[in-house]
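Engineer: Take this structure, written in structure tokens, and hold onto it; I'll ask about it next.
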Amino acid sequence: MAPTAGARAFNAGELDALLQALRAEGWTLAGPRIRDGAIVYDEIGGAAELPAGWTDEQAPGRYRLRERDDRALFGYAVGPHAWKKYLFPPSERLWTAVRSGRDVGVSEEQAEPPPLAFIGVRACELAAIAVQDRVFLGGERADASYRRRRENVLIVAVQCGEAGGNCFCVSMGTGPAAASGYDIALTELVSGGHRFHARAGSERGARLLSRIETRAATGDDEEAVRALLARAGGRMGRTLDTRGLPQLLQANLEHRRWDEVAGRCLACSNCTLACPTCFCSAQEDVPDLAHARSERWRRWDSCFTGDFSYLHGGSVRASIRSRYRQWLTHKLSAWHEQFGSCGCVGCGRCITWCPVGIDLTEDVAAIRSGAGAAQQERREQDT
Amino acid sequence: MAAALHAAAEHTLPQFMRVRARRQELADTWTLEIDPGGPFEFLPGQFNMLYAFGIGEVPISISGDPARPERLVHTVRAVGRTTQALAALGRGARLGVRGPYGAGWPLDAAPGADVVVLAGGIGLAPLRPALYRLLAERARFGRVSLLYGSRSPQQLLYASELRRWRSRFDIEVEVTVDTAGPEWRGNLGVVTKLLRRSSFDPANSMVLVCGPEVMMRHVATDLAGIGVPPARVFISMERNMKCAVGFCGHCQYGSAFVCRDGPVVPLERLERLLGVREL
Ligand SMILES: Cc1cc2nc3c(=O)[nH]c(=O)nc-3n(C[C@H](O)[C@H](O)[C@H](O)COP(=O)(O)OP(=O)(O)OC[C@H]3O[C@@H](n4cnc5c(N)ncnc54)[C@H](O)[C@@H]3O)c2cc1C
Ligand code: SF4
Ligand code: SF4
Ligand code: FES
């Protein structure tokens, strides 16, 4: 999706016109709004429902909303929700089997999902959607449900002007600038007149922009966007040194750090559920009382649960140490071999929503700095 | 789009098939012969997801003859809820089948080489289709040996077939059990012991292994000890499986999705991992 036209700019007040134009074309809007003290993604009717004047403070194990001293609509980082809840729902029915006499008929779930416009997708989230596209659509077989939903989505990205306390998209090469995968990319400029800079990434994005009142973006607008992105990029709350990371972790499957983290990790699965790229699922068969009808459901699952790796007689990964190791080595190492990219986009959700504040960037740093020592130790054991 | 949707449906939707015959193999193990309603082509070593209506769905290897695709054969050891329900299906009962899935035994990987089939317990089931093919195309291979171990003489799977194969001159069959009464005249001890007595040429052979994971670990070490290159050793891995098509994540072992990249994997790929506990 290359930009199809020159960049535009419009007054903040015009954003609602863009959203209403989308609705008029039949799109249901999903966007950020405040619920239970957090910014979540939910259905919205227009710009009035956006979290104007709010920002979030994030630290390991901590998330709090705070009022801003301006009326920015997108002045926060990412919250507990990820767009994956729409593309890969937390639970969905795959098929229904019905018995009649000795025969059984199966019908696949066919319902067409409503066309959804995602409003306010961050650069790291575009990267996360691209990661899940590779997981569900990139192989020999495609996941039918994911494809149906994915084909029905339009994306309005908003580049970050504010970095969260647990963000590290710069380390992962995924942000803060939106590179591709959007229909429209907006940048919110607050000082010097509240306005948006807009770039179309697709024909339909360009068409939408032509339906609202815009002007050509000026050199000043472009400069303001550049400065904003540079500022956000310079204020990352975290960094992750990714040099040789897949090999580093493979060489350290028995590192002491795993034991250390296991002592704190509650195996609650929060990290995997909040993570925008985690794709694991369980399946469940739900029969009716008469056993005449049975439904197959697919639900999010996590490699932190005990029965995730269950084989008759016991779980393969019985210890929390082995589950944490699975999560981190899958994300940062095996993923490369499986899908040709890292499984982490640097959004920081797993750090924020961990009840005990476990921070993967710290674990990697510890393994990296202790790597020499661990290898040394093994060599000594071997001799 | 319609064609694409159909292809997508194929891998998630079970097809309901009828049990044609059921026979008891062991105290806890039954073989089901299923009418696939048309030829069911598969590669030796592949598996199906078998669904007991309203109860659950589990991976079960295909244990029948690949030359007879009109009979779909599975051997099920009843160990839990789903396998108990499957093993109890009588003649005429329906079950859901989706598959075949996974990578099978690479019987063409080493033309002319000796082939050693090494099985422990129920691990003989996924190897039986390979044995059928080896014997049907006997001239393409060097010496063929079946080394089979089980816990006791009462737990030897496919006993009458073992006897039949034993009486042939073109396959070596060695059987061992962990424990037996005085009436047992055969070998005692773990299956790896048989490796040393067998007459295959380690430098020019291919070894196919399926059994409990501990057994496979020992086998890997012993084969390396006698000089079989790890690239010529293939093992069938077992992991929890839900989707069987690379989406649910349950079957991961290192970077492999066992359902899709396996279940049969060259030892070369796993060697480093087999020594790591709880991977
Ligand atoms: C590729 C492959 C081929 C197999 N071939 C055969 C075969 O030919 N014959 C046979 O008897 N068994 C085979 N198994 C093992 C069989 O799948 C398990 O015995 C079965 O899943 C147990 O299910 P359960 O509900 O009866 O037992 P429970 O102990 O109640 O298990 C609960 C759930 O855990 C999972 N699970 C438990 N054990 C296993 C296991 N060993 N492997 C995978 N998932 C498991 C399943 O989802 C199961 O429903 C195979 C397994 C794999 C992975
Ligand atoms: S692993 Fe953590 S930081 Fe990386 S994408 Fe997942 S939630 Fe975000
Ligand atoms: S195995 Fe764990 S870390 Fe990997 S995708 Fe599944 S839940 Fe996420
Ligand atoms: S069984 Fe689902 S990914 Fe392998």
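Ordering of the structure tokens sets the chain letters (A, B, ...); residue numbers start at 1 within each chain; ligands are numbered from 1 in the order shown.
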With a distance threshold of 10 Å and counting only C-alpha atoms, extract the residues of chain B near chain A and express them as a PyMOL selection string.
Structural biologist: chain B and resi 4-9+11-18+51-57+79-80+92-96+238-243+245-257+272-273+276-279
Engineer: Which residues are close to Thr28 (chain A), i.e. within 9 Å by only C-alpha atoms, leaving aside same-chain residues fewer than 3 positions away? Reply as a VMD selection string.
Structural biologist: chain A and resid 22 to 23 43 to 45 114 to 118
Engineer: Quick one: pull the distance between CA of Val356 (chain A) and CA of Gly161 (chain A), Å, one decimal.
Structural biologist: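 We find that CA of Val356 (chain A) and CA of Gly161 (chain A) lie 28.3 Å from each other.
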Engineer: Excluding Asp36 (chain A) and residues on its chain fewer than 3 positions from it, collect all residues at most 12 Å away from it, counting only C-alpha atoms, and give them as a list in words.
Structural biologist: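 Skipping anything fewer than 3 positions along the chain leaves Arg33, Ile39, Val40, Tyr63, Arg64, Leu65, Gly79 and Pro80 of chain A.
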Engineer: Put those residues in a file: N, CA and C atoms, as a PDB file, in the first residue's frame.
Structural biologist:
ATOM      1  N   ARG A  33     -11.946   4.094  23.649  1.00  0.00           N
ATOM      2  CA  ARG A  33     -12.829   4.835  24.545  1.00  0.00           C
ATOM      3  C   ARG A  33     -12.511   4.402  25.964  1.00  0.00           C
ATOM      4  N   ILE A  39      -8.194   2.773  28.656  1.00  0.00           N
ATOM      5  CA  ILE A  39      -8.604   3.042  27.280  1.00  0.00           C
ATOM      6  C   ILE A  39      -8.671   1.708  26.549  1.00  0.00           C
ATOM      7  N   VAL A  40      -9.887   1.357  26.131  1.00  0.00           N
ATOM      8  CA  VAL A  40     -10.108   0.056  25.492  1.00  0.00           C
ATOM      9  C   VAL A  40     -10.638   0.280  24.076  1.00  0.00           C
ATOM     10  N   TYR A  63      -0.844   0.696  35.362  1.00  0.00           N
ATOM     11  CA  TYR A  63      -1.509   1.448  34.300  1.00  0.00           C
ATOM     12  C   TYR A  63      -2.461   2.412  34.981  1.00  0.00           C
ATOM     13  N   ARG A  64      -2.380   3.684  34.592  1.00  0.00           N
ATOM     14  CA  ARG A  64      -3.288   4.646  35.188  1.00  0.00           C
ATOM     15  C   ARG A  64      -3.603   5.753  34.189  1.00  0.00           C
ATOM     16  N   LEU A  65      -4.871   6.186  34.163  1.00  0.00           N
ATOM     17  CA  LEU A  65      -5.236   7.294  33.283  1.00  0.00           C
ATOM     18  C   LEU A  65      -4.997   8.608  34.021  1.00  0.00           C
ATOM     19  N   GLY A  79      -3.570   0.401  25.317  1.00  0.00           N
ATOM     20  CA  GLY A  79      -4.209  -0.081  26.538  1.00  0.00           C
ATOM     21  C   GLY A  79      -4.257  -1.604  26.576  1.00  0.00           C
ATOM     22  N   PRO A  80      -5.140  -2.141  27.418  1.00  0.00           N
ATOM     23  CA  PRO A  80      -5.188  -3.599  27.586  1.00  0.00           C
ATOM     24  C   PRO A  80      -5.731  -4.346  26.362  1.00  0.00           C
TER      25      PRO A  80
END
Engineer: So how many Å separate CA of Pro60 (chain A) and CA of Val156 (chain A), to one decimal?
Structural biologist: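 Atom-to-atom, CA of Pro60 (chain A) and CA of Val156 (chain A) are spaced 28.9 Å apart.
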Engineer: Give me every strand (DSSP E or B) residue in region 43-236 of chain A, going by DSSP on the backbone, as number ranges by chain.
Structural biologist: A: 43-44, 54-59, 62-67, 91-100, 103-108, 116-121, 153-159, 184-189, 195-200, 215-216
Engineer: Would you list the residues that come within 8 Å of ligand 2? Count only C-alpha atoms and all ligand atoms and give the answer as a PDB file with C-alpha atoms, in the first residue's frame.
Structural biologist:
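As written to disk, pocket_1.pdb reads:
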ATOM      1  CA  CYS A 124       3.195  -1.359  16.587  1.00  0.00           C
ATOM      2  CA  ALA A 128       1.112  -6.957  15.102  1.00  0.00           C
ATOM      3  CA  ASN A 166       6.731   0.349  28.592  1.00  0.00           C
ATOM      4  CA  CYS A 167       7.012   0.998  24.850  1.00  0.00           C
ATOM      5  CA  PHE A 168       9.979  -0.222  22.800  1.00  0.00           C
ATOM      6  CA  CYS A 271       0.750 -11.401  29.149  1.00  0.00           C
ATOM      7  CA  THR A 272      -0.343 -13.779  26.419  1.00  0.00           C
ATOM      8  CA  ALA A 274      -2.899  -8.909  26.265  1.00  0.00           C
ATOM      9  CA  CYS A 275      -0.271  -9.587  23.605  1.00  0.00           C
ATOM     10  CA  PRO A 276      -1.412  -8.552  20.122  1.00  0.00           C
ATOM     11  CA  THR A 277       0.486 -11.371  18.389  1.00  0.00           C
ATOM     12  CA  CYS A 278      -0.180 -14.430  20.596  1.00  0.00           C
ATOM     13  CA  LEU A 328       9.858 -15.871  25.700  1.00  0.00           C
ATOM     14  CA  LYS A 331       8.143 -14.802  20.899  1.00  0.00           C
ATOM     15  CA  GLY A 343       6.824 -12.399  17.479  1.00  0.00           C
ATOM     16  CA  CYS A 344       7.173  -9.223  19.555  1.00  0.00           C
ATOM     17  CA  VAL A 345       6.355  -5.771  18.230  1.00  0.00           C
ATOM     18  CA  GLY A 346       7.412  -3.840  21.319  1.00  0.00           C
ATOM     19  CA  CYS A 347       3.997  -2.635  22.517  1.00  0.00           C
ATOM     20  CA  GLY A 348       4.769  -3.224  26.200  1.00  0.00           C
ATOM     21  CA  ARG A 349       1.366  -4.676  27.099  1.00  0.00           C
ATOM     22  CA  CYS A 350       2.819  -7.796  28.681  1.00  0.00           C
ATOM     23  CA  ILE A 351       4.914  -5.624  31.010  1.00  0.00           C
ATOM     24  CA  LEU A 360      10.823  -9.219  29.170  1.00  0.00           C
TER      25      LEU A 360
END
Engineer: Would you pick out the contacts of region 138-155 of chain B at 6 Å or less, using only C-alpha atoms, so that residues sharing its chain but fewer than 6 positions from it are not included, and give the list as a PDB file with N, CA and C atoms, in the first residue's frame?
Structural biologist:
ATOM      1  N   GLY B 112      17.646 -48.501  -1.141  1.00  0.00           N
ATOM      2  CA  GLY B 112      18.624 -49.578  -1.035  1.00  0.00           C
ATOM      3  C   GLY B 112      19.230 -49.770   0.340  1.00  0.00           C
ATOM      4  N   ALA B 113      19.006 -48.812   1.234  1.00  0.00           N
ATOM      5  CA  ALA B 113      19.602 -48.921   2.571  1.00  0.00           C
ATOM      6  C   ALA B 113      18.828 -49.936   3.418  1.00  0.00           C
ATOM      7  N   ASP B 114      19.479 -50.401   4.476  1.00  0.00           N
ATOM      8  CA  ASP B 114      18.771 -51.244   5.441  1.00  0.00           C
ATOM      9  C   ASP B 114      17.748 -50.383   6.171  1.00  0.00           C
ATOM     10  N   VAL B 115      16.621 -50.970   6.553  1.00  0.00           N
ATOM     11  CA  VAL B 115      15.610 -50.209   7.276  1.00  0.00           C
ATOM     12  C   VAL B 115      15.342 -50.885   8.617  1.00  0.00           C
ATOM     13  N   VAL B 116      15.489 -50.120   9.681  1.00  0.00           N
ATOM     14  CA  VAL B 116      15.193 -50.634  11.010  1.00  0.00           C
ATOM     15  C   VAL B 116      13.945 -49.935  11.526  1.00  0.00           C
ATOM     16  N   VAL B 117      12.948 -50.721  11.887  1.00  0.00           N
ATOM     17  CA  VAL B 117      11.719 -50.172  12.446  1.00  0.00           C
ATOM     18  C   VAL B 117      11.756 -50.476  13.933  1.00  0.00           C
ATOM     19  N   LEU B 118      11.793 -49.406  14.739  1.00  0.00           N
ATOM     20  CA  LEU B 118      11.984 -49.590  16.166  1.00  0.00           C
ATOM     21  C   LEU B 118      10.771 -49.035  16.911  1.00  0.00           C
ATOM     22  N   ALA B 119      10.027 -49.910  17.568  1.00  0.00           N
ATOM     23  CA  ALA B 119       8.772 -49.472  18.172  1.00  0.00           C
ATOM     24  C   ALA B 119       8.676 -49.882  19.622  1.00  0.00           C
ATOM     25  N   GLY B 120       8.020 -49.033  20.402  1.00  0.00           N
ATOM     26  CA  GLY B 120       7.733 -49.358  21.785  1.00  0.00           C
ATOM     27  C   GLY B 120       6.238 -49.235  22.025  1.00  0.00           C
ATOM     28  N   GLY B 121       5.619 -50.256  22.586  1.00  0.00           N
ATOM     29  CA  GLY B 121       4.199 -50.224  22.967  1.00  0.00           C
ATOM     30  C   GLY B 121       3.275 -49.889  21.825  1.00  0.00           C
ATOM     31  N   ILE B 171      12.261 -60.445   6.403  1.00  0.00           N
ATOM     32  CA  ILE B 171      12.233 -59.438   7.470  1.00  0.00           C
ATOM     33  C   ILE B 171      12.684 -60.092   8.777  1.00  0.00           C
ATOM     34  N   GLU B 172      13.519 -59.361   9.501  1.00  0.00           N
ATOM     35  CA  GLU B 172      13.979 -59.847  10.796  1.00  0.00           C
ATOM     36  C   GLU B 172      13.036 -59.262  11.846  1.00  0.00           C
ATOM     37  N   VAL B 173      12.474 -60.078  12.707  1.00  0.00           N
ATOM     38  CA  VAL B 173      11.572 -59.582  13.746  1.00  0.00           C
ATOM     39  C   VAL B 173      12.134 -59.953  15.106  1.00  0.00           C
ATOM     40  N   GLU B 174      12.425 -58.957  15.923  1.00  0.00           N
ATOM     41  CA  GLU B 174      12.912 -59.218  17.277  1.00  0.00           C
ATOM     42  C   GLU B 174      11.983 -58.520  18.262  1.00  0.00           C
ATOM     43  N   VAL B 175      11.565 -59.273  19.252  1.00  0.00           N
ATOM     44  CA  VAL B 175      10.613 -58.734  20.211  1.00  0.00           C
ATOM     45  C   VAL B 175      11.199 -58.862  21.606  1.00  0.00           C
ATOM     46  N   THR B 176      10.956 -57.864  22.425  1.00  0.00           N
ATOM     47  CA  THR B 176      11.417 -57.962  23.811  1.00  0.00           C
ATOM     48  C   THR B 176      10.352 -57.399  24.740  1.00  0.00           C
ATOM     49  N   VAL B 177      10.339 -57.882  25.970  1.00  0.00           N
ATOM     50  CA  VAL B 177       9.384 -57.350  26.953  1.00  0.00           C
ATOM     51  C   VAL B 177      10.137 -57.007  28.235  1.00  0.00           C
ATOM     52  N   ASP B 178       9.564 -56.066  29.006  1.00  0.00           N
ATOM     53  CA  ASP B 178      10.216 -55.658  30.251  1.00  0.00           C
ATOM     54  C   ASP B 178      10.141 -56.758  31.301  1.00  0.00           C
ATOM     55  N   THR B 179       8.929 -57.315  31.445  1.00  0.00           N
ATOM     56  CA  THR B 179       8.764 -58.365  32.451  1.00  0.00           C
ATOM     57  C   THR B 179       7.879 -59.463  31.887  1.00  0.00           C
ATOM     58  N   ALA B 180       8.140 -60.703  32.302  1.00  0.00           N
ATOM     59  CA  ALA B 180       7.336 -61.822  31.812  1.00  0.00           C
ATOM     60  C   ALA B 180       7.427 -62.974  32.789  1.00  0.00           C
ATOM     61  N   VAL B 191      14.098 -52.158  24.619  1.00  0.00           N
ATOM     62  CA  VAL B 191      14.163 -52.402  23.183  1.00  0.00           C
ATOM     63  C   VAL B 191      15.528 -52.019  22.591  1.00  0.00           C
TER      64      VAL B 191
END
Engineer: Would you pick out the contacts of Gly233 (chain A) at 12 Å or less, using only C-alpha atoms, so that residues sharing its chain but fewer than 2 positions from it are not included, and give the list as a PyMOL selection string?
Structural biologist: chain A and resi 123+159-164+167-177+226-231+235-239
Engineer: Mind giving me the straight-line distance from CA of Ala9 (chain A) to CA of Ser202 (chain A) in Å, one decimal?
Structural biologist: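 Computed distance, CA of Ala9 (chain A) to CA of Ser202 (chain A), equals 16.9 Å.
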Engineer: Excluding Arg217 (chain B) and its own-chain neighbours fewer than 4 positions away, which residues fall within 8 Å of it when counting only C-alpha atoms? Please give them as a tab-separated table (two decimals) with N, CA and C atoms, in the first residue's frame.
Structural biologist:
chain	number	residue	atom	x	y	z
B	213	GLU	N	8.59	-41.09	24.92
B	213	GLU	CA	9.69	-40.15	24.69
B	213	GLU	C	11.00	-40.59	25.37
B	221	THR	N	20.60	-41.84	21.70
B	221	THR	CA	21.96	-41.98	22.22
B	221	THR	C	22.61	-43.25	21.68
B	274	LEU	N	16.18	-32.75	22.41
B	274	LEU	CA	15.78	-33.94	23.18
B	274	LEU	C	16.39	-33.96	24.57
B	275	GLY	N	17.56	-33.32	24.71
B	275	GLY	CA	18.21	-33.33	26.00
B	275	GLY	C	17.67	-32.29	26.97
Engineer: When you look at Ile367 (chain A) with a cut-off of 8 Å (counting only C-alpha atoms), what residues show up, excluding the ones that are within fewer than 2 positions of it in the same chain? I need them as a PDB file with N, CA, C and O atoms, in the first residue's frame.
Structural biologist:
ATOM      1  N   LEU A 249      18.956 -16.815  22.871  1.00  0.00           N
ATOM      2  CA  LEU A 249      18.024 -17.550  23.729  1.00  0.00           C
ATOM      3  C   LEU A 249      18.189 -19.057  23.550  1.00  0.00           C
ATOM      4  O   LEU A 249      18.147 -19.812  24.522  1.00  0.00           O
ATOM      5  N   ASN A 252      20.762 -20.485  25.591  1.00  0.00           N
ATOM      6  CA  ASN A 252      20.624 -20.299  27.039  1.00  0.00           C
ATOM      7  C   ASN A 252      19.346 -20.899  27.610  1.00  0.00           C
ATOM      8  O   ASN A 252      18.710 -20.332  28.491  1.00  0.00           O
ATOM      9  N   HIS A 255      19.495 -21.261  31.363  1.00  0.00           N
ATOM     10  CA  HIS A 255      20.028 -20.124  32.117  1.00  0.00           C
ATOM     11  C   HIS A 255      19.337 -19.981  33.479  1.00  0.00           C
ATOM     12  O   HIS A 255      18.148 -20.254  33.611  1.00  0.00           O
ATOM     13  N   ARG A 257      18.390 -17.414  34.872  1.00  0.00           N
ATOM     14  CA  ARG A 257      17.332 -16.393  34.839  1.00  0.00           C
ATOM     15  C   ARG A 257      15.936 -17.019  34.795  1.00  0.00           C
ATOM     16  O   ARG A 257      14.992 -16.472  35.354  1.00  0.00           O
ATOM     17  N   ASP A 363      14.611  -9.373  31.291  1.00  0.00           N
ATOM     18  CA  ASP A 363      15.045 -10.770  31.261  1.00  0.00           C
ATOM     19  C   ASP A 363      16.066 -10.985  30.156  1.00  0.00           C
ATOM     20  O   ASP A 363      17.070 -11.668  30.344  1.00  0.00           O
ATOM     21  N   VAL A 364      15.776 -10.398  28.993  1.00  0.00           N
ATOM     22  CA  VAL A 364      16.711 -10.563  27.883  1.00  0.00           C
ATOM     23  C   VAL A 364      18.050  -9.926  28.232  1.00  0.00           C
ATOM     24  O   VAL A 364      19.114 -10.511  27.998  1.00  0.00           O
ATOM     25  N   ALA A 365      17.995  -8.741  28.830  1.00  0.00           N
ATOM     26  CA  ALA A 365      19.249  -8.073  29.194  1.00  0.00           C
ATOM     27  C   ALA A 365      20.036  -8.918  30.187  1.00  0.00           C
ATOM     28  O   ALA A 365      21.264  -9.047  30.083  1.00  0.00           O
ATOM     29  N   SER A 369      23.699 -10.362  29.504  1.00  0.00           N
ATOM     30  CA  SER A 369      24.883 -10.004  30.284  1.00  0.00           C
ATOM     31  C   SER A 369      25.434 -11.219  31.016  1.00  0.00           C
ATOM     32  O   SER A 369      26.623 -11.307  31.270  1.00  0.00           O
ATOM     33  N   GLY A 370      24.549 -12.167  31.323  1.00  0.00           N
ATOM     34  CA  GLY A 370      25.011 -13.355  32.041  1.00  0.00           C
ATOM     35  C   GLY A 370      25.363 -14.487  31.113  1.00  0.00           C
ATOM     36  O   GLY A 370      25.725 -15.569  31.560  1.00  0.00           O
ATOM     37  N   ALA A 371      25.214 -14.250  29.797  1.00  0.00           N
ATOM     38  CA  ALA A 371      25.368 -15.360  28.868  1.00  0.00           C
ATOM     39  C   ALA A 371      26.743 -15.992  28.969  1.00  0.00           C
ATOM     40  O   ALA A 371      26.875 -17.200  29.020  1.00  0.00           O
TER      41      ALA A 371
END
Engineer: Taking only residues of chain B that have an atom at most 7 Å from an atom of ligand 1, what is each one's shortest atom pair and its distance in Å to one decimal, using only C-alpha atoms and all ligand atoms, in chain and number order, as a tab-separated table?
Structural biologist:
residue	atom	partner	partner_atom_place_in_ligand_line	distance
B:Phe47	CA	ligand 1	1 (C)	5.8
B:Gly56	CA	ligand 1	49 (O)	6.0
B:Glu57	CA	ligand 1	49 (O)	6.2
B:Val58	CA	ligand 1	21 (O)	4.5
B:Pro59	CA	ligand 1	17 (O)	4.3
B:Ile60	CA	ligand 1	5 (N)	3.6
B:Ser61	CA	ligand 1	8 (O)	3.8
B:Ile62	CA	ligand 1	8 (O)	6.3
B:Ser63	CA	ligand 1	8 (O)	6.7
B:His74	CA	ligand 1	8 (O)	6.2
B:Thr75	CA	ligand 1	9 (N)	5.2
B:Val76	CA	ligand 1	11 (O)	3.5
B:Arg77	CA	ligand 1	11 (O)	3.6
B:Ala78	CA	ligand 1	26 (O)	6.1
B:Val79	CA	ligand 1	26 (O)	5.0
B:Gly80	CA	ligand 1	26 (O)	3.2
B:Arg81	CA	ligand 1	26 (O)	4.3
B:Thr82	CA	ligand 1	25 (O)	3.8
B:Thr83	CA	ligand 1	26 (O)	3.6
B:Gln84	CA	ligand 1	26 (O)	5.8
B:Ile122	CA	ligand 1	9 (N)	6.3
B:Ala125	CA	ligand 1	8 (O)	5.4
B:Pro126	CA	ligand 1	8 (O)	5.8
B:Met237	CA	ligand 1	1 (C)	6.6
B:Glu238	CA	ligand 1	53 (C)	4.0
B:Arg239	CA	ligand 1	53 (C)	4.8
B:Asn240	CA	ligand 1	44 (N)	3.7
B:Met241	CA	ligand 1	44 (N)	5.3
B:Lys242	CA	ligand 1	47 (O)	6.2
B:Cys259	CA	ligand 1	1 (C)	6.7
B:Pro263	CA	ligand 1	1 (C)	5.3
Engineer: Measuring between only C-alpha atoms and all ligand atoms, which one of B:Arg260, B:His218, B:Arg197, B:Arg269 shows the shortest distance to ligand 4?
Structural biologist: B:Arg260
Engineer: DSSP on the backbone: what in region 51-276 of chain B comes out alpha helix (DSSP H), as a ChimeraX atom specification?
Structural biologist: /B:81-87,124-136,159-166,192-197,213-226,258-261,267-274
